[in-house]
Amino acid sequence: MNIYLLGIAGTGMGSFAGLLRAAGHEVSGSDENVYPPMSDKLSEWRIKTYSPYAAANVDAAKPDVAVVGNVIRAENPEAKTLRRRGIPHMSFPEALEELFLTTRHPVVVAGTHGKTTTTSLLAHVLHHTGRDPSLLVGGVPLNFNEGFRLGKGEHFVIEGDEYDTAYFDKGPKFLHYRPRTAIVTGAEFDHADIYRDTAHYESAFEKFYALLPPEGYVAACSTFPNWKRLASFARCRVETYSSNDAAEADWKANWISLGPSGATFEVAFRETREIRVVLVAAGRHNVENALGVYAACRALGLKPDQIAAGFASFRGVKRRQELRGEPRGIAVIDDFAHHPTAVRETIAAVAAQYPGRRLVAVFEPRSNTAMRKIHQQEYAHAFAGATLALISQPTAIAKVPEADRVDAKRMAQDIAATGTPARWMDGPDAIVTVLANEARPGDVILGMSNGGFGGFHDKLLKALAAR
């Protein structure tokens with residue numbers, strides 16, 4: 001078919017465009033702005049893009065069907081054109097379901113934290129053992145170098161997002177994914193722009209668990225206390241996993257060793273040892289992610305040594321504890337962390353990777369939840385593992401009502417009050433200037449934002465190299 005994507009330059013939509021192209025469809029699309037690296041990828045995949053949005057783009061593309069991204073609003077000129085012309089259109093999750101999932105075994109990774117890494121690791125293990133899975137993930141796994149792949153095997157591994165689907169479908173994306181096997185990494189309140197409160201947020205996961213068929217399987221993280229209530233909505237077999245010694249779990253990680261080379265740990269099922277594994281991805285949170293993958297892979301029929309081999313050869317994901325460079329002995333690391341739990345775990349993981357080194361945690365509260373004051377108090381305790389915290393004024397805070405906005409200055413003050421030195425800065429350029437002058441060999445600079453952060457990492461690498 002000739003398929004046209006509205007909002008094509010987003011991470012998820014861009015990867016879906018590549019998947020459609022790999023499946024043999026003629027693909028084009030539009031976005032407000034199309035920047036590298038996605039613009040380069042779309043060009044590489046021979047996908048024509050239009051910018052900005054305009055009715056004439058749809059007329060030029062002449063699509064058989066259009067796929068509407070969730071950034072598109074009803075008043076978008078191209079959305080209006082689709083409705084006026086009577087051109088069939090659907091959401092991205094609905095298109096994924098209809099075109100790819102009805103004939104495959106969907107393996108869906110859902111949860112507040114760790115979805116991208118867990119999905120990438122799961123797909124890699126299945127691929128490493130010859131299962132040849134398909135994949136769609138909201139990141140770039142280094143083993144595949146794309147956020148998608150079209151395999152010939154029965155399994156389709158998907159990152160299951162609880163965000164809303166489209167302007168005409170306000171339900172969670174993952175309700176379209178027909179899960180037969182699933183991993184749920186836990187549910188902590190997020191996406192405050194579309195969920196009213198914790199109960200509303202958790203209702204999405206209640207619906208997700210209920211989707212699993214009786215013959216299905218869920219690996220549920222039991223580190224979070226609400227897991228049992230949420231998993232009670234499942235009609236299928238549920239097994240639990242946790243890296244927390246205090247949590248009850250079927251699958252546990254014992255004798256965990258965290259260090260510069262990553263993590264090693266022993267996997268046990270109901271107190272019976274299975275195997276010791278090595279994981280390049282560092283941190284206790286990634287040990288937990290790997291446990292979920294291990295449990296799901298065992299349910300899919302893989303043997304312990306097959307899974308261990310997949311773990312050992314996993315290279316990680318871009319923007320997840322990614323070392324961008326080390327000019328003059330100063331390590332610059334990029335990470336997507338934005339929820340206080342993710343910030344805390346990422347700092348702990350990087351500290352374990354670089355023992356004895358000064359760790360400067362740079363944070364932009366940029367996500368729709370982080371820019372709201374909903375987690376203001378929790379952030380005060382999320383930076384405890386850092387030597388210094390630099391808090392940036394958010395670059396897009398104007399889209400949040402003033403009464404609801406996080407106070408970045410106060411965040412820095414609260415962090416300092418807990419014992420971690422902290423400073424507020426008015427933006428990424430100011431932070432680059434300070435670090436270019438103050439950073440010294442041996443330092444580790446961890447920049448955390450779920451957006452582009454004004455090119456912070458590239459600017460810092462350039463400034464440090466030129467010093």
# chains A, B, ... in the order shown; residues from 1 in each chain; ligands from 1
>>> residues_around(residues="stretch 286-289 of chain A", least_positions_apart="2", cutoff="7 Å", atoms="only C-alpha atoms", output="list in words")
Gly114, Thr118, Ser242, Ser243, Ala281, Ala282, Gly283, Arg284, Leu291, Gly292 and Val293 of chain A
>>> write_last_selection(atoms="C-alpha atoms", output="PDB file, in the first residue's frame")
ATOM      1  CA  GLY A 114      13.061   0.308  31.743  1.00  0.00           C
ATOM      2  CA  THR A 118      14.104  -4.533  28.473  1.00  0.00           C
ATOM      3  CA  SER A 242      12.722  -8.855  41.605  1.00  0.00           C
ATOM      4  CA  SER A 243      16.313  -7.900  42.380  1.00  0.00           C
ATOM      5  CA  ALA A 281      24.334  -2.945  31.025  1.00  0.00           C
ATOM      6  CA  ALA A 282      25.185  -1.678  34.503  1.00  0.00           C
ATOM      7  CA  GLY A 283      23.061  -1.095  37.585  1.00  0.00           C
ATOM      8  CA  ARG A 284      20.684  -3.003  39.816  1.00  0.00           C
ATOM      9  CA  LEU A 291      15.471 -10.992  35.238  1.00  0.00           C
ATOM     10  CA  GLY A 292      12.156 -10.141  33.558  1.00  0.00           C
ATOM     11  CA  VAL A 293      13.643 -11.009  30.178  1.00  0.00           C
TER      12      VAL A 293
END
>>> residues_around(residues="A:Phe453", least_positions_apart="3", cutoff="10 Å", atoms="only C-alpha atoms", output="JSON, numbers by chain")
{"A": [363, 364, 365, 366, 392, 394, 395, 396, 427, 428, 429, 447, 448, 449, 450, 456, 457]}
>>> closest_residue(among="A:Glu159, A:Asp132, A:Asp64, A:Glu146", to="A:Val109", atoms="only C-alpha atoms")
A:Glu159
>>> closest_atom_pairs(of="stretch 354-446 of chain A", to="stretch 316-331 of chain A", cutoff="7 Å", atoms="only C-alpha atoms", output="JSON lines")
{"residue": "A:Arg440", "atom": "CA", "partner": "A:Ile330", "partner_atom": "CA", "distance": 6.7}
{"residue": "A:Pro441", "atom": "CA", "partner": "A:Gly329", "partner_atom": "CA", "distance": 4.6}
{"residue": "A:Gly442", "atom": "CA", "partner": "A:Ile330", "partner_atom": "CA", "distance": 5.4}
{"residue": "A:Asp443", "atom": "CA", "partner": "A:Ile330", "partner_atom": "CA", "distance": 5.0}
{"residue": "A:Val444", "atom": "CA", "partner": "A:Ala331", "partner_atom": "CA", "distance": 4.7}
{"residue": "A:Ile445", "atom": "CA", "partner": "A:Ala331", "partner_atom": "CA", "distance": 6.0}
>>> write_last_selection(atoms="N, CA and C atoms", output="PDB file, in the first residue's frame")
ATOM      1  N   ARG A 440      37.364  18.362  35.875  1.00  0.00           N
ATOM      2  CA  ARG A 440      38.778  17.992  35.890  1.00  0.00           C
ATOM      3  C   ARG A 440      38.929  16.518  35.504  1.00  0.00           C
ATOM      4  N   PRO A 441      40.111  16.115  35.037  1.00  0.00           N
ATOM      5  CA  PRO A 441      40.313  14.721  34.639  1.00  0.00           C
ATOM      6  C   PRO A 441      39.867  13.752  35.728  1.00  0.00           C
ATOM      7  N   GLY A 442      39.167  12.711  35.302  1.00  0.00           N
ATOM      8  CA  GLY A 442      38.633  11.729  36.239  1.00  0.00           C
ATOM      9  C   GLY A 442      37.165  11.938  36.536  1.00  0.00           C
ATOM     10  N   ASP A 443      36.651  13.141  36.251  1.00  0.00           N
ATOM     11  CA  ASP A 443      35.235  13.400  36.499  1.00  0.00           C
ATOM     12  C   ASP A 443      34.347  12.596  35.552  1.00  0.00           C
ATOM     13  N   VAL A 444      33.151  12.299  36.030  1.00  0.00           N
ATOM     14  CA  VAL A 444      32.112  11.665  35.203  1.00  0.00           C
ATOM     15  C   VAL A 444      30.926  12.624  35.191  1.00  0.00           C
ATOM     16  N   ILE A 445      30.530  13.059  34.015  1.00  0.00           N
ATOM     17  CA  ILE A 445      29.409  13.987  33.871  1.00  0.00           C
ATOM     18  C   ILE A 445      28.247  13.251  33.239  1.00  0.00           C
TER      19      ILE A 445
END
>>> residues_around(residues="A:Phe208", least_positions_apart="4", cutoff="10 Å", atoms="only C-alpha atoms", output="list in words")
Ala110, Gly160, Glu162, Pro172, Phe174, Leu175, His176, Tyr177, Arg178, Pro179, Ala182, Val184, Glu202, Ser203, Ala204, Leu212, Leu230, Ala231, Phe233 and Ala234 of chain A
>>> atom_distance(atom1="atom CA of A:Phe168", atom2="atom CA of A:Val140")
28.6 Å
>>> select_by_dssp(residues="stretch 207-349 of chain A", states="strand (DSSP E or B)", output="ChimeraX atom specification")
/A:217-221,237-242,251-259,262-269,272-279,317,322-325,331-335
>>> write_last_selection(atoms="C-alpha atoms", output="PDB file, in the first residue's frame")
ATOM      1  CA  TYR A 217       2.131 -15.497  30.302  1.00  0.00           C
ATOM      2  CA  VAL A 218       3.228 -12.444  32.301  1.00  0.00           C
ATOM      3  CA  ALA A 219       6.497 -11.800  34.110  1.00  0.00           C
ATOM      4  CA  ALA A 220       5.575  -9.139  36.696  1.00  0.00           C
ATOM      5  CA  CYS A 221       8.109  -7.114  38.664  1.00  0.00           C
ATOM      6  CA  ARG A 237      -0.044 -17.562  34.382  1.00  0.00           C
ATOM      7  CA  VAL A 238       1.836 -14.833  36.265  1.00  0.00           C
ATOM      8  CA  GLU A 239       5.374 -15.244  37.560  1.00  0.00           C
ATOM      9  CA  THR A 240       7.129 -12.557  39.578  1.00  0.00           C
ATOM     10  CA  TYR A 241      10.692 -11.288  39.493  1.00  0.00           C
ATOM     11  CA  SER A 242      12.722  -8.855  41.605  1.00  0.00           C
ATOM     12  CA  TRP A 251      12.667 -15.261  39.923  1.00  0.00           C
ATOM     13  CA  LYS A 252      15.489 -13.712  41.973  1.00  0.00           C
ATOM     14  CA  ALA A 253      18.976 -12.370  41.305  1.00  0.00           C
ATOM     15  CA  ASN A 254      21.504 -13.584  43.878  1.00  0.00           C
ATOM     16  CA  TRP A 255      25.154 -12.741  44.470  1.00  0.00           C
ATOM     17  CA  ILE A 256      24.916  -9.554  42.415  1.00  0.00           C
ATOM     18  CA  SER A 257      28.250  -7.949  41.523  1.00  0.00           C
ATOM     19  CA  LEU A 258      28.214  -4.436  40.020  1.00  0.00           C
ATOM     20  CA  GLY A 259      31.340  -2.840  38.627  1.00  0.00           C
ATOM     21  CA  GLY A 262      28.606  -4.159  34.131  1.00  0.00           C
ATOM     22  CA  ALA A 263      26.841  -6.744  36.271  1.00  0.00           C
ATOM     23  CA  THR A 264      27.111 -10.430  37.061  1.00  0.00           C
ATOM     24  CA  PHE A 265      24.503 -12.326  39.048  1.00  0.00           C
ATOM     25  CA  GLU A 266      23.028 -15.734  39.683  1.00  0.00           C
ATOM     26  CA  VAL A 267      19.479 -16.437  38.500  1.00  0.00           C
ATOM     27  CA  ALA A 268      17.332 -18.573  40.788  1.00  0.00           C
ATOM     28  CA  PHE A 269      13.777 -19.835  40.337  1.00  0.00           C
ATOM     29  CA  THR A 272      16.719 -23.228  42.875  1.00  0.00           C
ATOM     30  CA  ARG A 273      19.838 -21.965  41.102  1.00  0.00           C
ATOM     31  CA  GLU A 274      19.678 -21.941  37.295  1.00  0.00           C
ATOM     32  CA  ILE A 275      22.788 -20.155  35.989  1.00  0.00           C
ATOM     33  CA  ARG A 276      25.200 -17.264  36.551  1.00  0.00           C
ATOM     34  CA  VAL A 277      25.010 -14.540  33.888  1.00  0.00           C
ATOM     35  CA  VAL A 278      27.014 -11.518  32.732  1.00  0.00           C
ATOM     36  CA  LEU A 279      25.391  -8.279  31.598  1.00  0.00           C
ATOM     37  CA  VAL A 317      20.797   1.080  23.909  1.00  0.00           C
ATOM     38  CA  GLU A 322      25.679   5.856  26.806  1.00  0.00           C
ATOM     39  CA  LEU A 323      29.295   7.021  26.992  1.00  0.00           C
ATOM     40  CA  ARG A 324      29.446   9.825  24.420  1.00  0.00           C
ATOM     41  CA  GLY A 325      33.133  10.564  24.837  1.00  0.00           C
ATOM     42  CA  ALA A 331      33.627  10.933  30.832  1.00  0.00           C
ATOM     43  CA  VAL A 332      30.435  12.410  29.328  1.00  0.00           C
ATOM     44  CA  ILE A 333      27.408  10.134  29.607  1.00  0.00           C
ATOM     45  CA  ASP A 334      23.948  10.540  28.066  1.00  0.00           C
ATOM     46  CA  ASP A 335      20.815   9.096  29.650  1.00  0.00           C
TER      47      ASP A 335
END
>>> residues_around(residues="A:Phe189", least_positions_apart="6", cutoff="9 Å", atoms="only C-alpha atoms", output="list in words")
Thr112, Tyr195, Asp197, Thr198, Ala199, Tyr201, Glu202 and Thr369 of chain A
>>> residues_around(residues="A:Gly216", least_positions_apart="5", cutoff="6 Å", atoms="only C-alpha atoms", output="count of residues only")
3
>>> select_by_dssp(residues="stretch 98-272 of chain A", states="helix (DSSP H, G or I)", output="compact mmCIF listing (two decimals) with C-alpha atoms, in the first residue's frame")
# COMPACT_ATOMS: atom_id res chain seq x y z
CA GLU A 98 -3.66 -4.72 11.79
CA LEU A 99 -0.58 -4.97 9.57
CA PHE A 100 1.79 -6.99 11.73
CA LEU A 101 0.37 -8.50 14.92
CA LYS A 115 10.81 -0.55 28.79
CA THR A 116 13.27 0.38 26.06
CA THR A 117 16.24 -1.51 27.52
CA THR A 118 14.10 -4.53 28.47
CA THR A 119 12.48 -4.70 25.02
CA SER A 120 15.85 -4.38 23.29
CA LEU A 121 17.45 -7.08 25.45
CA LEU A 122 14.51 -9.45 24.92
CA ALA A 123 14.61 -9.03 21.13
CA HIS A 124 18.37 -9.53 21.10
CA VAL A 125 18.21 -12.75 23.13
CA LEU A 126 15.52 -14.18 20.83
CA HIS A 127 17.53 -13.14 17.77
CA HIS A 128 20.77 -14.54 19.21
CA LYS A 173 -1.27 2.51 23.01
CA PHE A 174 -0.53 -0.93 24.47
CA LEU A 175 -4.21 -1.93 24.43
CA HIS A 176 -3.81 -2.47 20.66
CA THR A 198 -2.26 7.20 40.50
CA ALA A 199 -5.57 5.32 40.33
CA HIS A 200 -6.23 6.60 36.81
CA TYR A 201 -2.69 5.68 35.75
CA GLU A 202 -2.93 2.19 37.25
CA SER A 203 -6.26 1.60 35.48
CA ALA A 204 -4.31 1.40 32.21
CA PHE A 205 -2.28 -1.52 33.57
CA GLU A 206 -5.41 -3.22 34.89
CA LYS A 207 -6.73 -3.22 31.32
CA PHE A 208 -3.39 -4.43 29.97
CA TYR A 209 -3.24 -7.43 32.32
CA ALA A 210 -6.84 -8.30 31.40
CA LEU A 211 -5.87 -8.47 27.70
CA TRP A 227 1.99 -5.46 41.61
CA LYS A 228 -0.30 -8.02 43.22
CA ARG A 229 -3.47 -5.96 42.84
CA LEU A 230 -2.67 -5.11 39.23
CA ALA A 231 -1.70 -8.69 38.32
>>> atom_distance(atom1="atom CA of A:Tyr53", atom2="atom CA of A:Leu20")
21.2 Å
>>> residues_around(residues="A:Trp424", least_positions_apart="6", cutoff="8 Å", atoms="only C-alpha atoms", output="number ranges by chain")
A: 390-393, 408-409, 412
>>> residues_around(residues="stretch 21-31 of chain A", least_positions_apart="4", cutoff="10 Å", atoms="only C-alpha atoms", output="PyMOL selection string")
chain A and resi 1-10+13-17+35+42+45-54+57-58+61-64+66-69+71-72+78+99-100+148-151
>>> closest_residue(among="A:Ala290, A:Met38, A:Leu300, A:Leu359", to="A:Leu446", atoms="only C-alpha atoms")
A:Leu359
>>> closest_residue(among="A:Glu75, A:Gly452, A:Ala466, A:Thr223", to="A:Phe336", atoms="only C-alpha atoms")
A:Gly452
